[in-house]
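Right, one structure below, let's go through it.
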Amino acid sequence: MKIGFIGLGNMGAPMALNLVKAGHEVTGYDAAGVTVEGVANATSGAEAATGADVVITMLPNGAILQSVAAEVIPTMPKGSVLLDCSTVDVDSARAVSDQARENGLDALDAPVSGGIGGAAAGTLTFMVGGSEAAFATAKPLFEIMGQKAVHCGPSGNGQAAKICNNMILGVTMIATCEAFALADKLGLDRQAMFDVVSTSSGASWSINAYCPAPGIGPQSPSDNDYKPGFAADLMLKDLRLSQQAAASADADTPMGQLAETLYQTFVETEEGSGKDFSAMLPRFSTRSRT
Ligand code: NAD
């Protein structure tokens with residue numbers, strides 16, 4: 001396929017490289033002038049999108065996505081697909097897909113889980129909103145860049161699935177970290193805590209696969225001095241999106257709201273910025289109840 005790729009950052013660059021390695025013709029553009037070996041270099045988003053069967057975007061937020069979409073949609077051939085893999089708010093995703101359809105194109109919102117490692121290894125999971133036809137067009141690309149793509153329904157539902165998942169993740173990580181800090185103060189050995197909880201009803205991905213206590217459970221960022229991994233800043237971004245969506249849909253999400261507040265405090269006033277989101281454990285360990 002002829003693919004335009006806009007946003008060649010930490011995630012986009014390795015995803016574009018995997019498409020090139022699989023034999024696709026990829027033209028890329030990044031506002032910071034990033035280039036990727038094997039990817040033809042365009043001087044604007046519109047140039048990267050011209051004549052493409054599929055245009056992939058991997059951008060920081062919904063406002064940037066909307067401005068890039070407004071630029072590229074008029075240059076894309078009728079019937080082509082705009083495939084956004086960024087994590088953005090549901091309303092931006094739906095606005096972009098409406099605009100694409102009004103111009104005779106199709107659109108998918110397909111945020112990913114799996115991080116930079118998954119992008120490089122081609123093992124991302126895609127959560128996809130949009131039409132069956134567009135999903136079928138993009139499926140071979142999902143199979144190159146990822147290991148799984150779940151079609152979640154109409155436009156915006158991919159972003160909805162992503163932020164609901166990450167709201168659960170933020171809440172369970174905080175619960176796991178505060179429980180470890182409590183266990184420490186009660187004199188419970190961390191290994192014993194892990195052995196019990198990881199096989200009991202308190203189990204979750206946060207403790208079983210990504211244990212925030214160093215030296216316990218499988219390798220995770222806690223074993224690497226809490227270098228990300230998945231940065232607390234990105235967790236804060238996703239929690240903010242979840243609360244924006246909850247406000248827009250009038251949903252009561254008190255745990256998500258508290259998780260957003262805690263990550264905001266951690267990132268903005270407690271030197272959590274740039275650390276992995278599991279660094280909530282040392283944060284709780286140094287605190288007392290008052
Ligand atoms: P990044 O900041 O490394 O990359 C974004 C790129 O977009 C940058 O290179 C930037 O120069 C470029 N850009 C910004 N404005 C542009 C414009 N107008 N035109 C063209 N290029 C432009 O971010 P990332 O880590 O690659 O993340 C990208 C998206 O994926 C985000 O929405 C993020 O939330 C999501 N995501 C990231 C991870 C992760 O672990 N990094 C995991 C899952 C999802």
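Residue numbers start at 1 in each chain; chains themselves are named A, B, ... in the order of the structure tokens; ligands are numbered from 1 in the order shown.
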Restrict the calculation to only C-alpha atoms and all ligand atoms, then for each residue of chain A with any atom at most 6 Å from an atom of ligand 1 give the closest atom pair and their distance in Å to one decimal, rows by chain and rising residue number, as JSON lines.
```
{"residue": "A:Ile6", "atom": "CA", "partner": "ligand 1", "partner_atom_place_in_ligand_line": "20 (C)", "distance": 5.3}
{"residue": "A:Gly7", "atom": "CA", "partner": "ligand 1", "partner_atom_place_in_ligand_line": "7 (O)", "distance": 3.8}
{"residue": "A:Leu8", "atom": "CA", "partner": "ligand 1", "partner_atom_place_in_ligand_line": "9 (O)", "distance": 4.9}
{"residue": "A:Gly9", "atom": "CA", "partner": "ligand 1", "partner_atom_place_in_ligand_line": "4 (O)", "distance": 3.3}
{"residue": "A:Asn10", "atom": "CA", "partner": "ligand 1", "partner_atom_place_in_ligand_line": "26 (O)", "distance": 3.8}
{"residue": "A:Met11", "atom": "CA", "partner": "ligand 1", "partner_atom_place_in_ligand_line": "26 (O)", "distance": 3.6}
{"residue": "A:Gly12", "atom": "CA", "partner": "ligand 1", "partner_atom_place_in_ligand_line": "26 (O)", "distance": 5.3}
{"residue": "A:Tyr29", "atom": "CA", "partner": "ligand 1", "partner_atom_place_in_ligand_line": "20 (C)", "distance": 5.8}
{"residue": "A:Asp30", "atom": "CA", "partner": "ligand 1", "partner_atom_place_in_ligand_line": "21 (N)", "distance": 3.7}
{"residue": "A:Ala31", "atom": "CA", "partner": "ligand 1", "partner_atom_place_in_ligand_line": "21 (N)", "distance": 4.0}
{"residue": "A:Ala32", "atom": "CA", "partner": "ligand 1", "partner_atom_place_in_ligand_line": "11 (O)", "distance": 4.2}
{"residue": "A:Met58", "atom": "CA", "partner": "ligand 1", "partner_atom_place_in_ligand_line": "28 (C)", "distance": 5.0}
{"residue": "A:Leu59", "atom": "CA", "partner": "ligand 1", "partner_atom_place_in_ligand_line": "7 (O)", "distance": 4.4}
{"residue": "A:Pro60", "atom": "CA", "partner": "ligand 1", "partner_atom_place_in_ligand_line": "32 (O)", "distance": 4.2}
{"residue": "A:Asn61", "atom": "CA", "partner": "ligand 1", "partner_atom_place_in_ligand_line": "32 (O)", "distance": 5.5}
{"residue": "A:Ile64", "atom": "CA", "partner": "ligand 1", "partner_atom_place_in_ligand_line": "18 (N)", "distance": 5.6}
{"residue": "A:Val68", "atom": "CA", "partner": "ligand 1", "partner_atom_place_in_ligand_line": "18 (N)", "distance": 5.6}
{"residue": "A:Ser86", "atom": "CA", "partner": "ligand 1", "partner_atom_place_in_ligand_line": "32 (O)", "distance": 3.8}
{"residue": "A:Thr87", "atom": "CA", "partner": "ligand 1", "partner_atom_place_in_ligand_line": "32 (O)", "distance": 3.9}
{"residue": "A:Val112", "atom": "CA", "partner": "ligand 1", "partner_atom_place_in_ligand_line": "43 (C)", "distance": 5.3}
{"residue": "A:Ser113", "atom": "CA", "partner": "ligand 1", "partner_atom_place_in_ligand_line": "43 (C)", "distance": 5.1}
{"residue": "A:Gly115", "atom": "CA", "partner": "ligand 1", "partner_atom_place_in_ligand_line": "40 (O)", "distance": 3.5}
{"residue": "A:Ile116", "atom": "CA", "partner": "ligand 1", "partner_atom_place_in_ligand_line": "40 (O)", "distance": 5.0}
{"residue": "A:Phe230", "atom": "CA", "partner": "ligand 1", "partner_atom_place_in_ligand_line": "40 (O)", "distance": 5.4}
```
Write out as a list in words which residues come within 6 Å of Phe5 in chain A when counting only C-alpha atoms, dropping same-chain ones fewer than 5 positions away.
->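 In the requested format, the answer is Gly28, Val55, Ile56 and Thr57 of chain A.
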Can you write out the residues you just picked, keeping C-alpha atoms, as a PDB file, in the first residue's frame?
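Resulting contents of result.pdb:
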```pdb
ATOM      1  CA  GLY A  28       6.495  10.408   6.406  1.00  0.00           C
ATOM      2  CA  VAL A  55      -2.765   8.039   6.111  1.00  0.00           C
ATOM      3  CA  ILE A  56      -1.634   7.129   9.627  1.00  0.00           C
ATOM      4  CA  THR A  57      -1.319   9.801  12.318  1.00  0.00           C
TER       5      THR A  57
END
```
Which of range 63-198 of chain A fall in helix (DSSP H, G or I), as a PyMOL selection string | chain A and resi 63-75+90-102+115-121+132-145+157-185+190-197
Excluding same-chain residues fewer than 4 positions from Leu236 in chain A, what lies within 12 Å of it counting only C-alpha atoms, as number ranges by chain?
-> A: 163, 166-167, 169-171, 230-232, 240-243, 256-268, 272-277
For Met127 in chain A, find every residue with an atom within 6 Å (counting only C-alpha atoms), except residues of its own chain fewer than 2 positions away, and show them as a PDB file with C-alpha atoms, in the first residue's frame.
```pdb
ATOM      1  CA  ALA A 110      -7.167   3.109  16.647  1.00  0.00           C
ATOM      2  CA  PRO A 111      -5.252   3.998  19.809  1.00  0.00           C
ATOM      3  CA  ALA A 149      -6.771  -5.420  16.751  1.00  0.00           C
ATOM      4  CA  VAL A 150     -10.211  -5.307  18.370  1.00  0.00           C
ATOM      5  CA  GLY A 158     -11.529   2.893  20.066  1.00  0.00           C
TER       6      GLY A 158
END
```
Test item: residues at most 7 Å from range 69-75 of chain A, only C-alpha atoms, excluding those fewer than 5 positions along its chain, as a VMD selection string = chain A and resid 45 to 46 49 to 50 96 100
DSSP strand (DSSP E or B) residues within range 106-279 of chain A, listed as a ChimeraX atom specification = /A:106-109,112-113,124-130,146-153,231,276
Nearby residues (only C-alpha atoms) at most 12 Å from Gly38 in chain A, same-chain spacing under 3 positions excluded, as a PyMOL selection string | chain A and resi 13-14+16-28+35+41
Any chance you could export the current selection's N, CA and C atoms as a PDB file, in the first residue's frame?
```pdb
ATOM      1  N   ALA A  13       7.776   6.480  14.775  1.00  0.00           N
ATOM      2  CA  ALA A  13       8.966   6.090  14.001  1.00  0.00           C
ATOM      3  C   ALA A  13       9.098   4.562  13.902  1.00  0.00           C
ATOM      4  N   PRO A  14       9.071   3.832  15.021  1.00  0.00           N
ATOM      5  CA  PRO A  14       9.192   2.372  14.872  1.00  0.00           C
ATOM      6  C   PRO A  14       7.999   1.733  14.164  1.00  0.00           C
ATOM      7  N   ALA A  16       6.302   3.128  11.657  1.00  0.00           N
ATOM      8  CA  ALA A  16       6.532   3.379  10.229  1.00  0.00           C
ATOM      9  C   ALA A  16       7.618   2.448   9.693  1.00  0.00           C
ATOM     10  N   LEU A  17       8.645   2.251  10.492  1.00  0.00           N
ATOM     11  CA  LEU A  17       9.753   1.370  10.074  1.00  0.00           C
ATOM     12  C   LEU A  17       9.255  -0.059   9.837  1.00  0.00           C
ATOM     13  N   ASN A  18       8.376  -0.543  10.697  1.00  0.00           N
ATOM     14  CA  ASN A  18       7.847  -1.903  10.520  1.00  0.00           C
ATOM     15  C   ASN A  18       7.029  -2.019   9.230  1.00  0.00           C
ATOM     16  N   LEU A  19       6.325  -0.940   8.863  1.00  0.00           N
ATOM     17  CA  LEU A  19       5.546  -0.968   7.610  1.00  0.00           C
ATOM     18  C   LEU A  19       6.480  -1.016   6.402  1.00  0.00           C
ATOM     19  N   VAL A  20       7.590  -0.263   6.482  1.00  0.00           N
ATOM     20  CA  VAL A  20       8.584  -0.283   5.399  1.00  0.00           C
ATOM     21  C   VAL A  20       9.186  -1.681   5.276  1.00  0.00           C
ATOM     22  N   LYS A  21       9.557  -2.254   6.412  1.00  0.00           N
ATOM     23  CA  LYS A  21      10.182  -3.591   6.404  1.00  0.00           C
ATOM     24  C   LYS A  21       9.246  -4.628   5.790  1.00  0.00           C
ATOM     25  N   ALA A  22       7.932  -4.405   5.944  1.00  0.00           N
ATOM     26  CA  ALA A  22       6.953  -5.357   5.387  1.00  0.00           C
ATOM     27  C   ALA A  22       6.686  -5.090   3.907  1.00  0.00           C
ATOM     28  N   GLY A  23       7.361  -4.080   3.335  1.00  0.00           N
ATOM     29  CA  GLY A  23       7.266  -3.860   1.896  1.00  0.00           C
ATOM     30  C   GLY A  23       6.324  -2.753   1.461  1.00  0.00           C
ATOM     31  N   HIS A  24       5.758  -2.004   2.414  1.00  0.00           N
ATOM     32  CA  HIS A  24       4.868  -0.902   2.020  1.00  0.00           C
ATOM     33  C   HIS A  24       5.684   0.341   1.667  1.00  0.00           C
ATOM     34  N   GLU A  25       5.046   1.177   0.833  1.00  0.00           N
ATOM     35  CA  GLU A  25       5.702   2.417   0.403  1.00  0.00           C
ATOM     36  C   GLU A  25       5.236   3.534   1.348  1.00  0.00           C
ATOM     37  N   VAL A  26       6.141   3.994   2.212  1.00  0.00           N
ATOM     38  CA  VAL A  26       5.728   4.929   3.259  1.00  0.00           C
ATOM     39  C   VAL A  26       6.385   6.298   3.043  1.00  0.00           C
ATOM     40  N   THR A  27       5.554   7.347   3.070  1.00  0.00           N
ATOM     41  CA  THR A  27       6.060   8.724   3.041  1.00  0.00           C
ATOM     42  C   THR A  27       5.711   9.360   4.379  1.00  0.00           C
ATOM     43  N   GLY A  28       6.717   9.924   5.048  1.00  0.00           N
ATOM     44  CA  GLY A  28       6.495  10.408   6.406  1.00  0.00           C
ATOM     45  C   GLY A  28       6.694  11.906   6.551  1.00  0.00           C
ATOM     46  N   THR A  35      13.492  12.021  10.698  1.00  0.00           N
ATOM     47  CA  THR A  35      13.464  11.151   9.516  1.00  0.00           C
ATOM     48  C   THR A  35      13.665   9.710   9.967  1.00  0.00           C
ATOM     49  N   ASN A  41      10.806  11.217   2.704  1.00  0.00           N
ATOM     50  CA  ASN A  41      10.623  12.400   3.543  1.00  0.00           C
ATOM     51  C   ASN A  41       9.741  13.441   2.853  1.00  0.00           C
TER      52      ASN A  41
END
```
Name all residues at most 8 Å from range 278-286 of chain A (count only C-alpha atoms; drop same-chain ones fewer than 4 positions away) and give them as a list in words.
->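 Contacts, in chain order: Met173, Ile174, Cys177, Glu178, Phe180, Ala181, Cys211, Pro212, Ala213, Pro221, Ser222, Tyr226, Ala232, Phe266 and Gly272 of chain A.
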Once you have the residues from the selection above, write them out as a short mmCIF file (atom, residue, chain, number, x, y, z; two decimals), in the first residue's frame, restricted to all heavy atoms.
```cif
data_model
loop_
_atom_site.label_atom_id
_atom_site.label_comp_id
_atom_site.auth_asym_id
_atom_site.auth_seq_id
_atom_site.Cartn_x
_atom_site.Cartn_y
_atom_site.Cartn_z
N MET A 173 -3.20 0.62 39.83
CA MET A 173 -1.80 0.85 40.20
C MET A 173 -1.72 1.61 41.52
O MET A 173 -0.93 1.26 42.41
CB MET A 173 -1.06 1.61 39.09
CG MET A 173 0.42 1.86 39.40
SD MET A 173 1.34 0.34 39.84
CE MET A 173 1.67 -0.35 38.22
N ILE A 174 -2.56 2.63 41.68
CA ILE A 174 -2.55 3.37 42.95
C ILE A 174 -2.95 2.44 44.09
O ILE A 174 -2.29 2.41 45.14
CB ILE A 174 -3.51 4.58 42.86
CG1 ILE A 174 -2.93 5.64 41.93
CG2 ILE A 174 -3.77 5.16 44.26
CD1 ILE A 174 -3.89 6.77 41.58
N CYS A 177 -0.05 0.17 44.93
CA CYS A 177 1.06 0.87 45.59
C CYS A 177 0.71 1.23 47.03
O CYS A 177 1.53 1.04 47.93
CB CYS A 177 1.43 2.13 44.81
SG CYS A 177 2.20 1.77 43.22
N GLU A 178 -0.50 1.69 47.28
CA GLU A 178 -0.83 2.05 48.67
C GLU A 178 -0.91 0.79 49.53
O GLU A 178 -0.57 0.82 50.72
CB GLU A 178 -2.07 2.95 48.76
CG GLU A 178 -3.38 2.32 48.41
CD GLU A 178 -4.57 3.30 48.52
OE1 GLU A 178 -4.38 4.51 48.32
OE2 GLU A 178 -5.68 2.82 48.81
N PHE A 180 0.97 -1.96 49.11
CA PHE A 180 2.37 -2.33 49.42
C PHE A 180 2.91 -1.45 50.55
O PHE A 180 3.61 -1.93 51.45
CB PHE A 180 3.26 -2.19 48.18
CG PHE A 180 3.47 -3.48 47.44
CD1 PHE A 180 2.96 -3.65 46.16
CD2 PHE A 180 4.20 -4.53 48.01
CE1 PHE A 180 3.16 -4.84 45.46
CE2 PHE A 180 4.40 -5.72 47.31
CZ PHE A 180 3.87 -5.87 46.03
N ALA A 181 2.63 -0.13 50.49
CA ALA A 181 3.14 0.78 51.51
C ALA A 181 2.53 0.46 52.87
O ALA A 181 3.20 0.51 53.91
CB ALA A 181 2.86 2.23 51.11
N CYS A 211 4.76 -5.39 38.59
CA CYS A 211 4.81 -5.15 40.04
C CYS A 211 5.61 -3.89 40.38
O CYS A 211 6.76 -3.73 39.97
CB CYS A 211 5.43 -6.36 40.73
SG CYS A 211 5.44 -6.17 42.52
N PRO A 212 5.01 -2.96 41.14
CA PRO A 212 5.69 -1.70 41.46
C PRO A 212 6.79 -1.84 42.52
O PRO A 212 7.51 -0.86 42.78
CB PRO A 212 4.54 -0.81 41.97
CG PRO A 212 3.53 -1.76 42.51
CD PRO A 212 3.62 -2.99 41.64
N ALA A 213 6.93 -3.02 43.13
CA ALA A 213 7.98 -3.23 44.15
C ALA A 213 9.21 -3.84 43.47
O ALA A 213 9.11 -4.89 42.83
CB ALA A 213 7.47 -4.16 45.24
N PRO A 221 9.60 -1.69 35.28
CA PRO A 221 10.36 -0.45 35.49
C PRO A 221 10.81 -0.24 36.95
O PRO A 221 11.82 0.44 37.18
CB PRO A 221 9.37 0.63 35.04
CG PRO A 221 8.61 -0.05 33.96
CD PRO A 221 8.39 -1.46 34.47
N SER A 222 10.14 -0.83 37.93
CA SER A 222 10.60 -0.67 39.32
C SER A 222 12.00 -1.27 39.49
O SER A 222 12.76 -0.84 40.35
CB SER A 222 9.61 -1.33 40.30
OG SER A 222 9.60 -2.73 40.13
N TYR A 226 12.65 2.91 38.28
CA TYR A 226 11.39 3.55 37.84
C TYR A 226 11.56 4.42 36.58
O TYR A 226 10.81 5.37 36.38
CB TYR A 226 10.75 4.36 38.98
CG TYR A 226 10.33 3.49 40.14
CD1 TYR A 226 11.14 3.37 41.28
CD2 TYR A 226 9.16 2.76 40.09
CE1 TYR A 226 10.77 2.55 42.34
CE2 TYR A 226 8.79 1.93 41.15
CZ TYR A 226 9.59 1.84 42.26
OH TYR A 226 9.22 1.03 43.31
N ALA A 232 4.49 8.54 34.20
CA ALA A 232 3.38 9.09 35.00
C ALA A 232 2.69 10.22 34.24
O ALA A 232 1.46 10.37 34.32
CB ALA A 232 3.91 9.58 36.34
N PHE A 266 1.41 14.20 41.82
CA PHE A 266 2.68 13.48 41.68
C PHE A 266 3.54 14.10 40.58
O PHE A 266 4.73 14.37 40.77
CB PHE A 266 2.37 12.01 41.38
CG PHE A 266 3.57 11.11 41.31
CD1 PHE A 266 4.50 11.08 42.35
CD2 PHE A 266 3.78 10.28 40.22
CE1 PHE A 266 5.61 10.24 42.30
CE2 PHE A 266 4.88 9.43 40.16
CZ PHE A 266 5.80 9.42 41.20
N GLY A 272 7.36 13.60 40.15
CA GLY A 272 6.98 12.36 39.47
C GLY A 272 7.14 12.45 37.96
O GLY A 272 7.16 11.42 37.29
#
```
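The smallest atom-to-atom distance between Asp238 in chain A and any of A:Cys164, A:Met76, A:Met145, A:Ala93, using only C-alpha atoms, is found for A:Cys164.
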For Lys237 in chain A, which residue among A:Asp53, A:Asp252, A:Glu47, A:Asp89 is the nearest when counting only C-alpha atoms?
->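 Smallest separation from Lys237 in chain A among the options: A:Asp89.
Proximity to Val88 in chain A was assessed for A:Val34, A:Ala160, A:Met1, A:Leu105 counting only C-alpha atoms; the smallest distance is recorded for A:Ala160.
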Compare A:Thr43, A:Gln159, A:Thr253, A:Ser92 by their minimum atom-to-atom distance to Gly62 in chain A, counting only C-alpha atoms, and give me the closest one.
->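 Answer, going by the shortest atom-to-atom distance: A:Ser92.
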Please indicate the distance in Å from CA of Pro140 in chain A to CA of Trp205 in chain A, rounded to one decimal place.
-> 28.6 Å
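Taking CA of Ser204 in chain A as the reference point, CA of Leu124 in chain A is found at 20.0 Å.
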